[in-house]
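Asker: Dropping in coords-v3.txt, with compact mmCIF, C-alpha atoms and all ligand atoms.
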# COMPACT_ATOMS: atom_id res chain seq x y z
CA MET A 1 0.00 0.00 0.00
CA SER A 2 1.24 3.52 -0.75
CA GLU A 3 2.56 5.71 2.04
CA LYS A 4 -0.17 8.25 1.49
CA GLY A 5 -2.81 5.54 1.66
CA THR A 6 -1.34 4.19 4.90
CA SER A 7 -1.25 7.63 6.51
CA ASP A 8 -4.87 8.26 5.43
CA VAL A 9 -5.95 5.08 7.17
CA ARG A 10 -3.94 5.95 10.26
CA GLU A 11 -5.54 9.39 10.35
CA LEU A 12 -8.98 7.84 10.01
CA LEU A 13 -8.32 5.41 12.86
CA ASP A 14 -6.85 8.12 15.10
CA GLU A 15 -9.87 10.31 14.48
CA ALA A 16 -12.28 7.47 15.30
CA GLU A 17 -10.35 6.76 18.51
CA ARG A 18 -10.37 10.45 19.46
CA ASP A 19 -14.10 10.65 18.83
CA ILE A 20 -14.79 7.63 21.04
CA LYS A 21 -12.63 9.10 23.84
CA ASP A 22 -14.29 12.53 23.52
CA ILE A 23 -17.75 11.02 23.67
CA ALA A 24 -16.83 8.99 26.77
CA LYS A 25 -15.30 12.05 28.46
CA GLU A 26 -18.16 14.36 27.60
CA ASN A 27 -20.80 11.85 28.62
CA GLY A 28 -19.56 12.10 32.20
CA LYS A 29 -20.20 15.87 32.29
CA LYS A 30 -23.47 16.05 30.41
CA PRO A 31 -26.92 16.62 31.92
CA TRP A 32 -29.28 13.61 31.66
CA TYR A 33 -31.09 14.75 28.52
CA LYS A 34 -27.83 15.09 26.62
CA ARG A 35 -26.67 11.69 27.80
CA LEU A 36 -29.53 10.00 25.92
CA SER A 37 -28.32 8.86 22.52
CA LEU A 38 -29.70 10.25 19.29
CA THR A 39 -31.35 6.87 18.64
CA THR A 40 -33.23 7.13 21.95
CA TRP A 41 -34.37 10.65 21.06
CA ILE A 42 -35.55 9.55 17.63
CA PHE A 43 -37.48 6.73 19.25
CA ILE A 44 -39.01 9.10 21.82
CA ALA A 45 -39.95 11.46 18.98
CA LEU A 46 -41.57 8.60 17.09
CA VAL A 47 -43.67 7.58 20.12
CA LEU A 48 -44.63 11.21 20.84
CA GLY A 49 -45.48 11.73 17.16
CA VAL A 50 -47.74 8.68 17.14
CA MET A 51 -49.46 9.85 20.34
CA CYS A 52 -49.97 13.38 19.03
CA GLY A 53 -51.20 11.98 15.72
CA LEU A 54 -53.77 9.83 17.53
CA LEU A 55 -54.94 12.84 19.56
CA LEU A 56 -55.25 14.94 16.42
CA GLN A 57 -57.15 12.35 14.39
CA GLY A 58 -60.30 14.43 14.74
CA ASN A 59 -58.48 17.55 13.59
CA PRO A 60 -55.78 16.58 11.04
CA GLY A 61 -55.81 20.13 9.65
CA PHE A 62 -54.01 21.30 12.79
CA ALA A 63 -51.26 18.71 12.33
CA ASP A 64 -50.91 19.65 8.65
CA THR A 65 -50.71 23.38 9.34
CA TYR A 66 -48.58 23.56 12.46
CA ILE A 67 -46.62 20.31 12.86
CA LYS A 68 -45.96 19.18 9.30
CA PRO A 69 -43.72 22.21 8.52
CA ILE A 70 -41.12 20.89 11.02
CA GLY A 71 -40.98 17.67 9.02
CA THR A 72 -40.86 19.60 5.76
CA ILE A 73 -37.85 21.58 7.00
CA PHE A 74 -36.09 18.29 7.82
CA LEU A 75 -36.83 16.87 4.36
CA ASN A 76 -35.76 20.10 2.69
CA LEU A 77 -32.43 19.92 4.53
CA ILE A 78 -31.93 16.32 3.38
CA LYS A 79 -32.71 17.28 -0.21
CA MET A 80 -30.38 20.27 0.07
CA ILE A 81 -27.35 18.28 1.28
CA VAL A 82 -27.73 15.20 -0.88
CA VAL A 83 -26.52 16.84 -4.13
CA PRO A 84 -23.26 18.37 -2.83
CA LEU A 85 -22.68 15.29 -0.69
CA VAL A 86 -22.96 12.94 -3.65
CA ILE A 87 -20.80 15.10 -5.89
CA VAL A 88 -17.90 15.55 -3.51
CA SER A 89 -17.96 12.10 -1.99
CA MET A 90 -18.01 10.44 -5.41
CA MET A 91 -15.22 12.69 -6.61
CA ALA A 92 -13.22 12.02 -3.44
CA GLY A 93 -13.75 8.29 -4.00
CA VAL A 94 -12.46 8.50 -7.55
CA ILE A 95 -9.49 10.64 -6.50
CA SER A 96 -8.52 8.06 -3.87
CA LEU A 97 -8.36 5.50 -6.68
CA LYS A 98 -5.07 6.94 -7.80
CA ASP A 99 -3.41 4.92 -5.03
CA ILE A 100 -5.09 1.84 -6.39
CA LYS A 101 -3.11 2.03 -9.60
CA ARG A 102 -0.01 1.43 -7.53
CA ILE A 103 -1.59 -1.53 -5.82
CA GLY A 104 -2.07 -2.96 -9.30
CA ALA A 105 -4.35 -5.85 -10.14
CA ILE A 106 -5.66 -6.23 -6.57
CA GLY A 107 -7.18 -2.73 -6.75
CA GLY A 108 -9.12 -3.53 -9.91
CA LYS A 109 -10.26 -6.92 -8.64
CA THR A 110 -11.34 -5.45 -5.30
CA ILE A 111 -13.47 -2.79 -6.98
CA VAL A 112 -15.08 -5.30 -9.34
CA PHE A 113 -15.81 -7.57 -6.37
CA TYR A 114 -17.34 -4.67 -4.41
CA LEU A 115 -19.51 -3.49 -7.30
CA PHE A 116 -20.63 -7.01 -8.16
CA THR A 117 -21.64 -7.94 -4.60
CA THR A 118 -23.44 -4.62 -4.13
CA GLY A 119 -25.35 -5.08 -7.38
CA PHE A 120 -26.28 -8.59 -6.29
CA ALA A 121 -27.33 -7.27 -2.88
CA VAL A 122 -29.78 -4.71 -4.27
CA CYS A 123 -31.24 -7.38 -6.57
CA ILE A 124 -31.81 -9.62 -3.53
CA GLY A 125 -33.41 -6.66 -1.74
CA LEU A 126 -35.76 -5.99 -4.65
CA LEU A 127 -36.54 -9.69 -5.03
CA PHE A 128 -37.56 -10.08 -1.39
CA ALA A 129 -39.46 -6.78 -1.43
CA ASN A 130 -41.45 -7.99 -4.47
CA VAL A 131 -42.02 -11.57 -3.32
CA MET A 132 -42.83 -10.70 0.31
CA HIS A 133 -44.84 -7.68 -0.82
CA VAL A 134 -43.06 -5.30 1.51
CA GLY A 135 -45.84 -2.70 1.49
CA GLY A 136 -48.08 -5.37 3.06
CA GLY A 137 -51.01 -4.39 0.85
CA TYR A 138 -51.21 -1.07 2.65
CA THR A 139 -51.90 2.09 0.65
CA LEU A 140 -51.88 5.53 2.21
CA ALA A 141 -55.49 6.61 2.60
CA SER A 142 -54.89 10.31 2.47
CA THR A 143 -53.27 12.70 0.07
CA GLN A 144 -50.97 13.59 2.96
CA LEU A 145 -47.91 12.66 0.96
CA GLU A 146 -48.89 13.55 -2.54
CA TYR A 147 -47.40 11.94 -5.59
CA GLU A 148 -47.85 12.81 -9.20
CA ALA A 149 -47.23 9.87 -11.47
CA LYS A 150 -44.77 10.58 -14.27
CA GLU A 151 -44.72 8.72 -17.51
CA ALA A 152 -41.79 6.30 -17.54
CA PRO A 153 -39.28 6.94 -20.37
CA SER A 154 -38.22 4.06 -22.64
CA PHE A 155 -35.17 1.96 -21.76
CA ILE A 156 -32.97 3.59 -24.42
CA ASP A 157 -34.06 7.05 -23.28
CA THR A 158 -33.25 6.09 -19.70
CA LEU A 159 -29.73 5.12 -20.77
CA VAL A 160 -29.18 8.22 -22.92
CA ASN A 161 -30.57 10.46 -20.18
CA ILE A 162 -27.86 9.34 -17.79
CA PHE A 163 -25.43 11.55 -19.72
CA PRO A 164 -26.16 15.24 -19.08
CA SER A 165 -25.90 17.90 -21.77
CA ASN A 166 -25.65 20.62 -19.19
CA PHE A 167 -23.42 20.92 -16.12
CA VAL A 168 -25.75 22.89 -13.83
CA GLN A 169 -29.22 21.59 -14.69
CA PRO A 170 -28.84 18.11 -13.11
CA MET A 171 -27.81 19.74 -9.83
CA ALA A 172 -30.78 22.12 -9.84
CA ASP A 173 -33.18 19.27 -10.68
CA ALA A 174 -31.37 16.73 -8.47
CA THR A 175 -31.20 14.22 -11.33
CA MET A 176 -29.05 11.78 -9.49
CA LEU A 177 -27.65 9.50 -12.18
CA GLN A 178 -26.55 12.53 -14.18
CA ILE A 179 -24.92 14.04 -11.09
CA ILE A 180 -23.04 10.80 -10.49
CA VAL A 181 -21.80 10.80 -14.09
CA ILE A 182 -20.59 14.39 -13.72
CA ALA A 183 -18.81 13.50 -10.47
CA LEU A 184 -17.14 10.44 -12.04
CA ILE A 185 -16.03 12.34 -15.15
CA PHE A 186 -14.60 15.23 -13.16
CA GLY A 187 -13.07 12.87 -10.58
CA PHE A 188 -11.13 11.10 -13.32
CA GLY A 189 -10.34 14.52 -14.84
CA ILE A 190 -8.69 15.55 -11.58
CA ILE A 191 -6.53 12.43 -11.60
CA ALA A 192 -5.67 12.96 -15.27
CA ALA A 193 -4.66 16.58 -14.61
CA GLY A 194 -1.98 15.32 -12.21
CA LYS A 195 -0.11 18.02 -10.29
CA LYS A 196 -2.13 20.85 -11.80
CA GLY A 197 -5.33 19.23 -10.53
CA ALA A 198 -3.94 18.74 -7.01
CA ILE A 199 -5.46 21.95 -5.69
CA VAL A 200 -8.91 20.85 -6.87
CA ALA A 201 -8.36 17.43 -5.28
CA ASP A 202 -7.58 19.12 -1.95
CA PHE A 203 -10.67 21.28 -2.29
CA VAL A 204 -12.83 18.24 -3.01
CA ASN A 205 -11.44 16.35 -0.01
CA GLY A 206 -12.01 19.41 2.19
CA MET A 207 -15.55 19.86 0.89
CA ASN A 208 -16.17 16.18 1.53
CA ALA A 209 -15.30 16.64 5.20
CA VAL A 210 -17.53 19.75 5.33
CA CYS A 211 -20.50 17.93 3.75
CA ILE A 212 -20.16 15.03 6.19
CA LYS A 213 -20.22 17.51 9.11
CA VAL A 214 -23.31 19.24 7.68
CA MET A 215 -24.95 15.85 7.23
CA HIS A 216 -24.19 15.08 10.90
CA GLY A 217 -25.89 18.34 11.85
CA ILE A 218 -29.00 17.46 9.84
CA ILE A 219 -29.13 14.01 11.40
CA MET A 220 -29.02 15.67 14.86
CA PHE A 221 -32.26 17.43 13.86
CA ALA A 222 -33.83 14.06 13.08
CA PRO A 223 -35.90 13.70 16.31
CA PHE A 224 -37.76 16.93 15.45
CA GLY A 225 -38.01 15.89 11.82
CA VAL A 226 -39.41 12.46 12.70
CA PHE A 227 -41.97 14.04 15.06
CA GLY A 228 -43.01 16.57 12.41
CA LEU A 229 -43.31 13.89 9.76
CA ILE A 230 -45.07 11.11 11.62
CA THR A 231 -47.71 13.19 13.48
CA PRO A 232 -49.63 14.38 10.38
CA VAL A 233 -49.32 10.93 8.79
CA ILE A 234 -50.97 9.29 11.83
CA ALA A 235 -53.52 12.10 12.19
CA ASN A 236 -54.59 11.60 8.57
CA ASN A 237 -54.28 7.83 8.21
CA GLY A 238 -54.76 6.41 11.70
CA PRO A 239 -52.42 4.03 13.54
CA ASP A 240 -52.82 1.27 10.92
CA VAL A 241 -50.03 2.94 8.96
CA LEU A 242 -47.50 1.67 11.54
CA LEU A 243 -48.07 -2.01 10.86
CA PRO A 244 -46.39 -2.00 7.45
CA LEU A 245 -43.27 -0.61 9.14
CA LEU A 246 -42.93 -3.80 11.15
CA TRP A 247 -43.24 -5.78 7.92
CA LEU A 248 -40.63 -3.53 6.30
CA ILE A 249 -38.18 -4.33 9.10
CA ILE A 250 -38.87 -8.07 8.76
CA VAL A 251 -38.45 -8.05 4.96
CA GLY A 252 -35.25 -5.96 5.24
CA TYR A 253 -33.74 -8.27 7.88
CA VAL A 254 -34.66 -11.45 5.98
CA ALA A 255 -33.05 -10.15 2.76
CA MET A 256 -29.93 -9.03 4.62
CA ILE A 257 -29.57 -12.31 6.53
CA VAL A 258 -29.95 -14.31 3.31
CA HIS A 259 -27.24 -12.20 1.66
CA LEU A 260 -24.98 -12.60 4.72
CA VAL A 261 -25.43 -16.35 5.06
CA VAL A 262 -25.94 -17.55 1.49
CA VAL A 263 -23.98 -15.13 -0.71
CA TYR A 264 -21.03 -14.54 1.62
CA SER A 265 -20.70 -18.19 2.62
CA GLY A 266 -20.85 -19.17 -1.06
CA LEU A 267 -18.19 -16.64 -2.07
CA LEU A 268 -15.92 -17.65 0.79
CA ARG A 269 -16.21 -21.32 -0.07
CA ALA A 270 -15.82 -20.81 -3.81
CA ILE A 271 -13.02 -18.26 -3.83
CA ALA A 272 -11.24 -18.30 -0.46
CA LYS A 273 -11.87 -22.01 0.30
CA MET A 274 -13.00 -21.02 3.79
CA GLY A 275 -15.85 -22.60 5.72
CA PRO A 276 -18.66 -20.25 6.81
CA LEU A 277 -18.42 -21.33 10.46
CA LYS A 278 -14.82 -20.23 10.68
CA PHE A 279 -15.75 -16.90 9.12
CA PHE A 280 -18.73 -16.14 11.31
CA LYS A 281 -16.79 -17.08 14.43
CA GLY A 282 -13.93 -14.83 13.38
CA ILE A 283 -16.05 -11.86 12.35
CA ALA A 284 -18.40 -12.02 15.37
CA PRO A 285 -16.75 -9.20 17.42
CA ALA A 286 -16.81 -6.84 14.40
CA LEU A 287 -20.40 -7.84 13.61
CA LEU A 288 -21.50 -6.99 17.15
CA PHE A 289 -19.58 -3.71 17.13
CA ALA A 290 -21.11 -2.71 13.79
CA PHE A 291 -24.58 -3.73 14.95
CA SER A 292 -24.37 -1.55 18.04
CA SER A 293 -22.48 1.42 16.56
CA ALA A 294 -24.16 1.53 13.11
CA SER A 295 -20.91 2.88 11.69
CA SER A 296 -18.64 1.06 9.23
CA VAL A 297 -15.85 3.58 9.72
CA GLY A 298 -16.11 3.27 13.51
CA THR A 299 -15.94 -0.52 13.18
CA LEU A 300 -12.89 -0.41 10.91
CA PRO A 301 -10.25 -1.04 13.61
CA VAL A 302 -12.17 -4.05 15.00
CA ASN A 303 -12.84 -5.39 11.52
CA MET A 304 -9.14 -5.11 10.64
CA GLU A 305 -8.22 -7.05 13.76
CA CYS A 306 -10.78 -9.81 13.12
CA THR A 307 -9.90 -10.17 9.43
CA LYS A 308 -6.19 -10.37 10.23
CA LYS A 309 -6.88 -13.10 12.77
CA MET A 310 -8.66 -15.05 10.04
CA GLY A 311 -5.42 -15.08 8.05
CA ALA A 312 -5.42 -11.98 5.82
CA SER A 313 -2.08 -10.21 5.42
CA ASP A 314 -1.40 -6.77 6.93
CA GLU A 315 -1.08 -5.17 3.51
CA MET A 316 -4.32 -6.64 2.20
CA VAL A 317 -6.24 -5.65 5.33
CA SER A 318 -4.96 -2.10 5.30
CA PHE A 319 -5.92 -1.58 1.67
CA VAL A 320 -9.11 -3.57 1.12
CA LEU A 321 -10.95 -2.78 4.37
CA PRO A 322 -10.64 1.04 4.49
CA LEU A 323 -11.64 1.16 0.83
CA GLY A 324 -14.60 -1.10 1.61
CA ALA A 325 -15.68 1.00 4.61
CA THR A 326 -15.86 3.93 2.21
CA ILE A 327 -17.34 2.49 -0.96
CA ASN A 328 -18.77 -0.98 -0.30
CA MET A 329 -22.21 -1.04 1.33
CA ASP A 330 -24.16 -4.21 0.56
CA GLY A 331 -26.48 -3.79 3.56
CA THR A 332 -27.24 -0.20 2.59
CA ALA A 333 -27.97 -1.34 -0.97
CA ILE A 334 -30.47 -3.94 0.24
CA TYR A 335 -32.07 -1.37 2.56
CA GLN A 336 -32.42 1.17 -0.24
CA GLY A 337 -33.91 -1.36 -2.64
CA VAL A 338 -36.40 -2.62 -0.07
CA CYS A 339 -37.34 0.90 1.08
CA ALA A 340 -37.80 2.18 -2.49
CA MET A 341 -40.17 -0.71 -3.15
CA PHE A 342 -41.94 -0.14 0.19
CA ILE A 343 -42.48 3.54 -0.54
CA ALA A 344 -43.70 2.79 -4.07
CA GLN A 345 -46.18 0.21 -2.76
CA VAL A 346 -47.65 2.32 0.03
CA PHE A 347 -48.08 5.18 -2.41
CA GLY A 348 -49.83 2.79 -4.76
CA ILE A 349 -47.18 3.18 -7.48
CA ASP A 350 -46.22 0.25 -9.70
CA LEU A 351 -42.51 0.25 -10.44
CA THR A 352 -41.73 -0.99 -13.93
CA ILE A 353 -38.79 -3.32 -14.62
CA GLN A 354 -36.96 -0.35 -16.18
CA GLN A 355 -37.45 1.68 -13.03
CA GLN A 356 -36.20 -1.23 -10.95
CA ILE A 357 -33.10 -1.44 -13.14
CA VAL A 358 -32.52 2.27 -12.57
CA ILE A 359 -32.86 1.60 -8.82
CA VAL A 360 -30.19 -1.13 -9.05
CA LEU A 361 -27.88 1.21 -10.93
CA THR A 362 -28.43 4.21 -8.68
CA THR A 363 -28.13 2.14 -5.54
CA VAL A 364 -24.83 0.61 -6.58
CA LEU A 365 -23.49 4.09 -7.28
CA ALA A 366 -25.14 5.55 -4.15
CA SER A 367 -23.30 2.98 -2.06
CA ILE A 368 -20.02 4.54 -3.20
CA GLY A 369 -21.29 7.90 -1.99
CA THR A 370 -22.69 6.65 1.33
CA ALA A 371 -20.47 7.62 4.26
CA GLY A 372 -19.82 4.86 6.79
CA VAL A 373 -21.56 6.69 9.62
CA PRO A 374 -24.98 6.19 11.23
CA GLY A 375 -27.95 7.34 9.20
CA SER A 376 -26.18 8.25 5.98
CA GLY A 377 -27.95 5.48 4.05
CA MET A 378 -31.25 7.22 4.75
CA ILE A 379 -29.94 10.51 3.33
CA MET A 380 -28.82 8.63 0.22
CA LEU A 381 -32.24 6.97 -0.01
CA ALA A 382 -33.49 10.41 -1.11
CA MET A 383 -31.25 10.11 -4.14
CA VAL A 384 -32.48 6.63 -5.06
CA LEU A 385 -36.11 7.76 -4.76
CA GLN A 386 -35.46 10.84 -6.89
CA SER A 387 -33.81 8.76 -9.61
CA VAL A 388 -37.12 7.04 -10.42
CA GLY A 389 -39.40 9.93 -9.49
CA LEU A 390 -40.66 8.39 -6.23
CA PRO A 391 -41.75 10.90 -3.57
CA VAL A 392 -38.93 11.78 -1.17
CA GLU A 393 -41.70 12.38 1.38
CA GLY A 394 -41.81 8.59 1.71
CA ILE A 395 -38.76 8.93 3.94
CA ALA A 396 -41.25 10.29 6.48
CA LEU A 397 -42.50 6.76 6.96
CA VAL A 398 -39.19 4.95 7.27
CA ALA A 399 -37.24 7.61 9.22
CA GLY A 400 -38.65 6.55 12.58
CA VAL A 401 -37.41 2.97 12.28
CA ASP A 402 -34.25 3.79 10.36
CA ARG A 403 -31.88 2.97 13.20
CA ILE A 404 -33.18 -0.57 13.57
CA LEU A 405 -32.42 -1.17 9.90
CA ASP A 406 -29.15 0.77 10.11
CA MET A 407 -27.77 -1.62 12.73
CA MET A 408 -28.23 -4.66 10.53
CA ARG A 409 -27.16 -3.00 7.30
CA THR A 410 -23.92 -1.82 8.90
CA ALA A 411 -23.21 -5.36 10.15
CA LEU A 412 -23.66 -6.54 6.58
CA ASN A 413 -21.58 -3.69 5.15
CA ILE A 414 -18.51 -4.58 7.20
CA SER A 415 -18.90 -8.35 6.66
CA GLY A 416 -18.87 -7.75 2.90
CA ASP A 417 -15.57 -5.88 3.25
CA SER A 418 -14.05 -8.71 5.24
CA VAL A 419 -15.27 -11.38 2.80
CA CYS A 420 -13.71 -9.47 -0.09
CA CYS A 421 -10.45 -9.07 1.83
CA LEU A 422 -10.24 -12.81 2.59
CA CYS A 423 -10.98 -13.71 -1.04
CA MET A 424 -8.39 -11.25 -2.39
CA ASN A 425 -5.88 -12.52 0.15
CA TYR A 426 -6.38 -16.13 -0.96
CA LEU A 427 -6.08 -15.23 -4.64
CA GLU A 428 -2.90 -13.26 -4.00
CA GLU A 429 -1.34 -16.03 -1.92
CA ARG A 430 -2.09 -18.56 -4.63
CA LYS A 431 -0.57 -16.26 -7.25
CA GLN A 432 2.60 -15.88 -5.19
CA GLN A 433 2.80 -19.64 -4.68
CA ARG A 434 2.40 -20.22 -8.41
CA LYS A 435 5.10 -17.67 -9.14
CA ALA A 436 7.41 -19.31 -6.61
CA GLY A 437 6.60 -22.73 -8.14
CA ALA A 438 7.37 -21.48 -11.66
CA GLY A 439 10.64 -19.89 -10.46
CA ALA A 440 11.80 -23.09 -8.72
N1 LIG B 501 -24.54 3.28 8.85
C1 LIG B 501 -24.06 2.65 7.65
C2 LIG B 501 -22.59 2.35 7.77
O1 LIG B 501 -21.88 2.98 8.48
C3 LIG B 501 -24.31 3.49 6.45
C4 LIG B 501 -25.81 3.63 6.25
O2 LIG B 501 -26.41 4.48 6.93
O3 LIG B 501 -26.37 2.88 5.46
O4 LIG B 501 -22.13 1.45 7.13
As a first step, turn the structure in this file into structure tokens.
Answerer:
Amino acid sequence: MSEKGTSDVRELLDEAERDIKDIAKENGKKPWYKRLSLTTWIFIALVLGVMCGLLLQGNPGFADTYIKPIGTIFLNLIKMIVVPLVIVSMMAGVISLKDIKRIGAIGGKTIVFYLFTTGFAVCIGLLFANVMHVGGGYTLASTQLEYEAKEAPSFIDTLVNIFPSNFVQPMADATMLQIIVIALIFGFGIIAAGKKGAIVADFVNGMNAVCIKVMHGIIMFAPFGVFGLITPVIANNGPDVLLPLLWLIIVGYVAMIVHLVVVYSGLLRAIAKMGPLKFFKGIAPALLFAFSSASSVGTLPVNMECTKKMGASDEMVSFVLPLGATINMDGTAIYQGVCAMFIAQVFGIDLTIQQQIVIVLTTVLASIGTAGVPGSGMIMLAMVLQSVGLPVEGIALVAGVDRILDMMRTALNISGDSVCCLCMNYLEERKQQRKAGAGA
């Protein structure tokens, strides 16, 4: 691994360690209400929202006029940050690829492996969402979250439309696939420009850090947002609307567990010749850490330790895992696929096969742009919804239970990184052995 790459990883780990220490230190000084975690506050907000909604069932106009605007502000903030966040994080991802060239064939193979497994993951998500009918036959009774059906373009048009003819328009309209294409093209442009492009690369990396901070700030506002979103929904639709959420969680978990057990075990057996029991025993500490922290980046040190213990080399671990924590999110992909389907179904919208293909494409790309911190998958869900014209307001429904899904998707995200690392390690070892055999 290059020196720069190694120092980046070290910086990342140091920062995570500092954060954990700061939180522990500050927790001791904080008053009780600040000691409650954000997850607890979101849950409290959800319960309060449901209660208020029930009380206001006779007068939903009040909820629409005075409480809904809080939720609208939250959604507006999400929509506002998602465009710059996608642009700079995708560009930063591409820029970081310049180290990969030095790593040679492993870099290419790792990226192909990541993209392939993520694509497979979203297909599994969509499959389970379709077969298990994730919306549970529920359709929103009210026009609370309005949706205007758009005519679906043809497949060829969909492909052609991915390439923008204008630099600014896609950003103003939040046309996500076009934005991703712009980010990829300019990201590679920065690499191609070499030294002259270095200043832009620094700017992009700086902006990336800024966008992640802003996103953190918006997520802190989530308890208010969730309250403002759920109250009018309950006031207009009654408590029945909550039942499909339970089904959503079940469908999401089933799809993720199938991916974890079937796909990962299969890949490990086929490529790394490793038994699933050995893997799950080895990865268990990282799985638990990811499940409780809901952060891939936070879990990175534990994941590195576990993967090394399972036999991966230092070099492989320190290249494949940090890259995976940044760009490889199989759990997030499943979540986004299942949620997109859920939102479509409860809004009574039929997604065509073309639209589902666009979801697969956007989700794979969105996973590159999803930061490995709690809640970022939900922000990126806005982008997936926008790519097929689904109402972003649908996030109102899933926001309250997001953390429950986040825990499992993060566990899956980090396992996928470890599986890839073990496979790459095996392939590399075999290559070295063959080389040694040929030389002897
Ligand atoms: N929390 C996830 C992670 O860190 C990202 C997401 O929200 O989907 O991997």
Asker: If I take atom C2 of ligand LIG 501 (chain B) and CA of Leu287 in chain A, how far is one from the other in Å, to one decimal?
Answerer: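 Atom-to-atom, atom C2 of ligand LIG 501 (chain B) to CA of Leu287 in chain A, that is 11.9 Å.
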Asker: Would you name the residues within 7 Å of ligand LIG 501 (chain B), counting only C-alpha atoms and all ligand atoms, and put them as a PyMOL selection string?
Answerer: chain A and resi 294-297+325+329+331-332+370-378+406+409-410+413
Asker: Taking all atoms listed in the file into account, which of A:Gly348, A:Pro232, A:Gly238, A:Gly416 comes nearest Thr307 in chain A?
Answerer: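 Closest candidate: A:Gly416.
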Asker: Leaving out Asn205 in chain A and any residue of its chain fewer than 3 positions from it, which residues lie within 12 Å of it when counting only C-alpha atoms, given as a PyMOL selection string?
Answerer: chain A and resi 8+85+87-96+187+190+198-202+208-212
Asker: For the atom pair CA of Phe347 in chain A and CA of Pro69 in chain A, what is the interatomic distance in Å to one decimal place?
Answerer: 20.7 Å
Asker: Could you tell me which of A:Leu385, A:Ile78, A:Leu54, A:Gly119 comes closest to His216 in chain A if we count all atoms listed in the file?
Answerer: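 Comparing A:Leu385, A:Ile78, A:Leu54, A:Gly119 against His216 in chain A, the winner is A:Ile78.
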Asker: For Leu77 in chain A, work out the shell of residues within 10 Å, counting all atoms listed in the file and skipping chain neighbours fewer than 3 positions away, then give it as a ChimeraX atom specification.
Answerer: /A:71-74,80-82,214-215,217-219,221,379
Asker: Export C-alpha atoms of the chosen residues as a short mmCIF file (atom, residue, chain, number, x, y, z; two decimals), keeping the file's coordinate frame?
Answerer:
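What ended up in out_30.cif:
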data_model
loop_
_atom_site.label_atom_id
_atom_site.label_comp_id
_atom_site.auth_asym_id
_atom_site.auth_seq_id
_atom_site.Cartn_x
_atom_site.Cartn_y
_atom_site.Cartn_z
CA GLY A 71 -40.98 17.67 9.02
CA THR A 72 -40.86 19.60 5.76
CA ILE A 73 -37.85 21.58 7.00
CA PHE A 74 -36.09 18.29 7.82
CA MET A 80 -30.38 20.27 0.07
CA ILE A 81 -27.35 18.28 1.28
CA VAL A 82 -27.73 15.20 -0.88
CA VAL A 214 -23.31 19.24 7.68
CA MET A 215 -24.95 15.85 7.23
CA GLY A 217 -25.89 18.34 11.85
CA ILE A 218 -29.00 17.46 9.84
CA ILE A 219 -29.13 14.01 11.40
CA PHE A 221 -32.26 17.43 13.86
CA ILE A 379 -29.94 10.51 3.33
#
Asker: Looking at A:Phe120, A:Phe62, A:Tyr426, A:Phe167, which one is nearest to Val258 in chain A, with distances taken over only C-alpha atoms?
Answerer: A:Phe120
Asker: Between A:Ile44, A:Ala235, A:Ile111, A:Ile414, which residue has the minimum interatomic distance to Leu300 in chain A, considering only C-alpha atoms?
Answerer: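 Residue with the minimum atom-to-atom distance to Leu300 in chain A: A:Ile414.
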Asker: Up to 7 Å from (-9.6, -9.4, -5.8) in the file's coordinates: name the residues, counting only C-alpha atoms, as JSON, numbers by chain.
Answerer: {"A": [106, 109, 110, 113, 423, 424, 427]}
Asker: For the point (-29.8, 1.2, -4.4) in the file's frame, write as a list in words all residues with an atom no more than 9 Å away, counting all atoms listed in the file.
Answerer: Thr118, Gly119, Ala121, Val122, Cys123, Thr332, Ala333, Ile334, Tyr335, Gln336, Gly337, Val338, Ala340, Val358, Ile359, Val360, Leu361, Thr362, Thr363, Val364, Leu365, Ala366, Ser367, Met380, Leu381 and Val384 of chain A
Asker: What lies within 12 Å of Ala45 in chain A using only C-alpha atoms, ignoring chain neighbours under 2 positions off, as a list of chain:residue names?
Answerer: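 My list of contacting residues is A:Leu38, A:Thr39, A:Thr40, A:Trp41, A:Ile42, A:Phe43, A:Val47, A:Leu48, A:Gly49, A:Val50, A:Met51, A:Cys52, A:Gly53, A:Gly71, A:Phe221, A:Ala222, A:Pro223, A:Phe224, A:Gly225, A:Val226, A:Phe227, A:Gly228, A:Leu229, A:Ile230, A:Thr231, A:Ala399, A:Gly400, A:Val401.
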Asker: Of the candidates A:Ile185, A:Arg434, A:Ala63, A:Leu126, which shows the shortest atom-to-atom distance to Leu351 in chain A, using only C-alpha atoms?
Answerer: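 So, comparing all the options, the nearest one is A:Leu126.
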Asker: Using all atoms listed in the file, find the one residue out of A:Ile67, A:Cys339, A:Leu246, A:Asn425 that sits nearest to Asp314 in chain A.
Answerer: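 The shortest atom-to-atom distance to Asp314 in chain A comes from A:Asn425.
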Asker: Within 7 Å of Thr299 in chain A, counting all atoms listed in the file, which residues qualify if same-chain residues fewer than 6 places away don't, as a VMD selection string?
Answerer: chain A and resid 286 289 to 290
Asker: Atoms to include: C-alpha atoms. Write the selected residues as an mmCIF file, in the frame of the given file.
Answerer:
data_model
loop_
_atom_site.group_PDB
_atom_site.id
_atom_site.type_symbol
_atom_site.label_atom_id
_atom_site.label_comp_id
_atom_site.auth_asym_id
_atom_site.auth_seq_id
_atom_site.Cartn_x
_atom_site.Cartn_y
_atom_site.Cartn_z
ATOM 1 C CA ALA A 286 -16.810 -6.840 14.400
ATOM 2 C CA PHE A 289 -19.580 -3.710 17.130
ATOM 3 C CA ALA A 290 -21.110 -2.710 13.790
#
Asker: Set out as a Markdown table a contact list for range 254-315 of chain A and range 419-422 of chain A with a cut-off of 7 Å, giving each residue of range 254-315 of chain A that qualifies its closest atom pair and distance in Å to one decimal, counting all atoms listed in the file, ordered by chain and rising residue number.
Answerer:
| residue | atom | partner | partner_atom | distance |
| --- | --- | --- | --- | --- |
| A:Tyr264 | CA | A:Val419 | CA | 6.7 |
| A:Leu268 | CA | A:Val419 | CA | 6.6 |
| A:Ala272 | CA | A:Leu422 | CA | 6.4 |
| A:Ala312 | CA | A:Leu422 | CA | 5.9 |
